[in-house]
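Reviewing the structure listed below.
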Amino acid sequence: MREAALKTLLALFLAFLFLSSCKGPGGDKNKNIKHTAGQPNASKTGVPEQAYGTPTAVGAPAPEITVFDPEGHPLNLQDLRGNVVVINFWATWCGTCVMEKPLLNRFYAGFRNNPHFRLITVLYNDSAENARAYLAKHGYALPFYMDPGSHASAAYGLTGVPESYVVDKRGILRGKAIGPVSWDAPQVSAFIKKLLKE
């Protein structure tokens with residue numbers, strides 16, 4: 001009985017996290033975000049995934065994007081072929097993104113020295129100044145990139161933030177999460193380690 005109650009609480013908590021993903025400063029009226037409907041499923045990676053029929057279907061080639069560091073230098077996803085890449089869309093004004101960031105920071109600390117791992121955190125509808133101040137205030141060592149014109153978010157069919165995508169060494173999308181991720185969960189690290197060995 002106690003186990004059933006715990007499962008129910010966990011299901012409610014996960015539903016809350018999914019539903020509480022941020023839609024943008026303008027809420028659902030934000031026209032820069034493509035909104036679609038669907039129900040989350042548990043993937044083999046332990047990271048929730050959702051198939052919307054967008055170009056970001058797991059198993060398909062990841063959309064090629066170019067983002068820019070705060071100094072304006074471009075970073076092309078195609079140039080990272082041969083690496084496992086985690087792309088995390090976020091914003092400083094998003095409450096669930098802020099909740100997710102300490103977990104992502106610890107996750108990144110465990111992989112940042114691996115020469116075949118890259119983390120790309122992409123700001124959505126936010127400024128480099130806000131991101132710098134937020135990361136410095138909390139002592140996070142997360143790299144962040146800008147998405148002028150929201151081309152990267154459009155390519156991934158962003159429905160809100162946070163959203164995360166895992167791209168393997170061949171450029172294939174292997175996992176995606178709509179909403180915050182429990183980056184400290186053992187199955188998430190195990191999944192990344194498996195991809196690094198492929």
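Letters A, B, ... mark the chains of the structure tokens in the order given; residue numbers begin at 1 per chain; ligand numbers begin at 1, in order shown.
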| message | With only C-alpha atoms as the counted atoms, please give the residues lying no more than 10 Å from A:Val98, apart from itself and same-chain residues fewer than 6 positions off, as a PyMOL selection string. | response | chain A and resi 90-92+134+162+180
| field | A:Tyr124 surroundings by only C-alpha atoms, 12 Å radius, close-in-sequence under 5 positions cut, as a ChimeraX atom specification | value | /A:22-25,30,32-33,67,88-94,97,130-131,144-154,158-163
May I have the residues from that selection written out with N, CA and C atoms, as a compact mmCIF listing (two decimals), in the first residue's frame?
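Printed below is part_37.txt as written:
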```txt
# COMPACT_ATOMS: atom_id res chain seq x y z
N CYS A 22 8.36 26.40 -18.60
CA CYS A 22 8.09 27.80 -18.90
C CYS A 22 7.83 27.98 -20.39
N LYS A 23 6.82 28.78 -20.70
CA LYS A 23 6.45 29.02 -22.09
C LYS A 23 7.06 30.28 -22.66
N GLY A 24 7.55 31.14 -21.84
CA GLY A 24 8.15 32.38 -22.32
C GLY A 24 7.62 33.55 -21.53
N PRO A 25 8.28 34.72 -21.62
CA PRO A 25 7.84 35.87 -20.85
C PRO A 25 6.39 36.23 -21.12
N ASN A 30 3.21 33.72 -26.41
CA ASN A 30 4.49 33.95 -27.06
C ASN A 30 4.47 33.29 -28.44
N ASN A 32 6.78 33.07 -30.62
CA ASN A 32 8.04 32.49 -31.07
C ASN A 32 8.17 31.03 -30.70
N ILE A 33 7.21 30.48 -29.96
CA ILE A 33 7.28 29.10 -29.53
C ILE A 33 6.17 28.31 -30.22
N VAL A 67 24.86 28.40 -32.99
CA VAL A 67 24.62 29.30 -31.87
C VAL A 67 25.90 30.11 -31.66
N ASN A 88 20.75 22.07 -24.09
CA ASN A 88 19.75 22.43 -23.07
C ASN A 88 19.28 23.86 -23.34
N PHE A 89 18.01 24.02 -23.70
CA PHE A 89 17.42 25.35 -23.89
C PHE A 89 16.89 25.83 -22.54
N TRP A 90 17.17 27.09 -22.18
CA TRP A 90 16.80 27.59 -20.86
C TRP A 90 16.70 29.11 -20.88
N ALA A 91 16.27 29.67 -19.74
CA ALA A 91 16.22 31.11 -19.56
C ALA A 91 16.31 31.42 -18.07
N THR A 92 16.87 32.58 -17.74
CA THR A 92 17.00 32.96 -16.33
C THR A 92 15.64 33.31 -15.71
N TRP A 93 14.66 33.69 -16.55
CA TRP A 93 13.33 34.06 -16.03
C TRP A 93 12.44 32.84 -15.80
N CYS A 94 12.92 31.65 -16.17
CA CYS A 94 12.11 30.43 -16.08
C CYS A 94 12.37 29.72 -14.75
N CYS A 97 13.67 26.14 -15.04
CA CYS A 97 15.07 26.14 -15.50
C CYS A 97 15.99 26.39 -14.31
N ASN A 130 22.08 38.77 -18.34
CA ASN A 130 21.30 38.04 -17.33
C ASN A 130 21.93 36.68 -17.04
N ALA A 131 22.36 35.98 -18.09
CA ALA A 131 22.95 34.66 -17.91
C ALA A 131 24.26 34.74 -17.14
N PHE A 144 27.31 28.89 -21.99
CA PHE A 144 26.02 29.26 -22.57
C PHE A 144 26.22 29.95 -23.91
N TYR A 145 25.18 29.83 -24.74
CA TYR A 145 25.23 30.36 -26.09
C TYR A 145 23.94 31.11 -26.39
N MET A 146 24.05 32.03 -27.34
CA MET A 146 22.91 32.84 -27.75
C MET A 146 22.31 32.26 -29.03
N ASP A 147 21.03 32.56 -29.23
CA ASP A 147 20.29 32.07 -30.39
C ASP A 147 19.61 33.25 -31.08
N PRO A 148 20.41 34.13 -31.73
CA PRO A 148 19.79 35.30 -32.35
C PRO A 148 18.78 34.89 -33.41
N GLY A 149 17.62 35.51 -33.37
CA GLY A 149 16.56 35.19 -34.32
C GLY A 149 15.82 33.91 -33.99
N SER A 150 16.18 33.27 -32.88
CA SER A 150 15.53 32.02 -32.43
C SER A 150 15.56 30.93 -33.49
N HIS A 151 16.61 30.89 -34.31
CA HIS A 151 16.72 29.88 -35.36
C HIS A 151 16.91 28.47 -34.79
N ALA A 152 17.75 28.36 -33.73
CA ALA A 152 17.99 27.04 -33.13
C ALA A 152 16.74 26.51 -32.46
N SER A 153 16.05 27.38 -31.72
CA SER A 153 14.82 26.92 -31.04
C SER A 153 13.75 26.53 -32.05
N ALA A 154 13.69 27.24 -33.18
CA ALA A 154 12.72 26.88 -34.22
C ALA A 154 13.09 25.54 -34.86
N LEU A 158 10.92 24.03 -30.41
CA LEU A 158 10.83 24.29 -28.97
C LEU A 158 9.40 24.58 -28.54
N THR A 159 8.95 23.90 -27.48
CA THR A 159 7.59 24.11 -26.96
C THR A 159 7.60 24.94 -25.69
N GLY A 160 8.77 25.17 -25.12
CA GLY A 160 8.94 25.90 -23.88
C GLY A 160 10.32 25.58 -23.33
N VAL A 161 10.64 26.16 -22.21
CA VAL A 161 11.93 25.85 -21.57
C VAL A 161 11.67 25.41 -20.14
N PRO A 162 12.51 24.52 -19.60
CA PRO A 162 13.67 23.91 -20.24
C PRO A 162 13.27 22.76 -21.16
N GLU A 163 14.09 22.57 -22.19
CA GLU A 163 14.02 21.39 -23.04
C GLU A 163 15.45 20.95 -23.32
```
| Interatomic distance, atom CA of A:Met99 to atom CA of A:Phe111 (Å, one decimal) |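 Interatomic distance here is 20.3 Å.
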| field | Which of A:Lys197, A:Tyr156, A:Ala141, A:Phe68 sits closest to A:Ala128 [using only C-alpha atoms] | value |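 Closest candidate: A:Phe68.
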| What is the distance between atom CA of A:Ala62 and atom CA of A:Asp79, in Å to one decimal? |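 Going from atom CA of A:Ala62 over to atom CA of A:Asp79, I get 12.8 Å.
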| field | 10 Å contact set for A:Pro115, only C-alpha atoms, chain neighbours under 3 positions out, as a ChimeraX atom specification | value | /A:82-84,111-112,118,196
| helix (DSSP H, G or I) positions in stretch 84-172 of chain A, given as an NGL selection string | :A and (95-111 or 128-138 or 148-155)
Dump C-alpha atoms for the selected residues as a tab-separated table (two decimals), in the first residue's frame?
```tsv
chain	number	residue	atom	x	y	z
A	95	GLY	CA	11.47	28.98	-12.61
A	96	THR	CA	11.81	25.34	-13.67
A	97	CYS	CA	15.07	26.14	-15.50
A	98	VAL	CA	16.42	27.67	-12.29
A	99	MET	CA	15.37	24.52	-10.37
A	100	GLU	CA	17.14	22.34	-12.95
A	101	LYS	CA	20.42	24.28	-13.14
A	102	PRO	CA	22.17	22.97	-9.97
A	103	LEU	CA	21.53	19.41	-11.16
A	104	LEU	CA	22.80	20.22	-14.64
A	105	ASN	CA	25.87	21.91	-13.16
A	106	ARG	CA	26.75	18.78	-11.13
A	107	PHE	CA	26.09	16.57	-14.16
A	108	TYR	CA	28.38	18.75	-16.29
A	109	ALA	CA	31.13	18.62	-13.67
A	110	GLY	CA	31.19	14.84	-14.06
A	111	PHE	CA	31.68	14.96	-17.85
A	128	ALA	CA	23.94	37.34	-22.08
A	129	GLU	CA	24.09	39.84	-19.21
A	130	ASN	CA	21.30	38.04	-17.33
A	131	ALA	CA	22.95	34.66	-17.91
A	132	ARG	CA	26.40	35.86	-16.80
A	133	ALA	CA	24.98	37.41	-13.63
A	134	TYR	CA	22.88	34.33	-12.81
A	135	LEU	CA	25.70	31.82	-13.37
A	136	ALA	CA	28.22	33.95	-11.45
A	137	LYS	CA	25.84	34.44	-8.53
A	138	HIS	CA	25.42	30.67	-8.13
A	148	PRO	CA	19.79	35.30	-32.35
A	149	GLY	CA	16.56	35.19	-34.32
A	150	SER	CA	15.53	32.02	-32.43
A	151	HIS	CA	16.72	29.88	-35.36
A	152	ALA	CA	17.99	27.04	-33.13
A	153	SER	CA	14.82	26.92	-31.04
A	154	ALA	CA	12.72	26.88	-34.22
A	155	ALA	CA	14.83	24.06	-35.69
```
| query | Suppose you want the space between atom CA of A:Val122 and atom CA of A:Ser164; what is it in Å? | reply | 9.8 Å
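Minimum atom-to-atom distance to A:Asn76, evaluated using only C-alpha atoms, belongs to A:Gly171 out of A:Gly59, A:Lys193, A:Tyr140, A:Gly171.
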| said: Show me, as a ChimeraX atom specification, the residues that have an atom within 7 Å of A:Val58 when counting only C-alpha atoms, minus same-chain residues fewer than 4 positions from it. | reply: /A:173-175
| field | Residues of stretch 57-176 of chain A in strand (DSSP E or B), written as a PyMOL selection string | value | chain A and resi 61+66-68+74-76+84-90+117-123+144-146+161+163-167+172-176
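Restricting the calculation to only C-alpha atoms, the smallest distance between A:Val167 and any of A:Gly72, A:Leu77, A:Trp183, A:Val86 is found for A:Val86.
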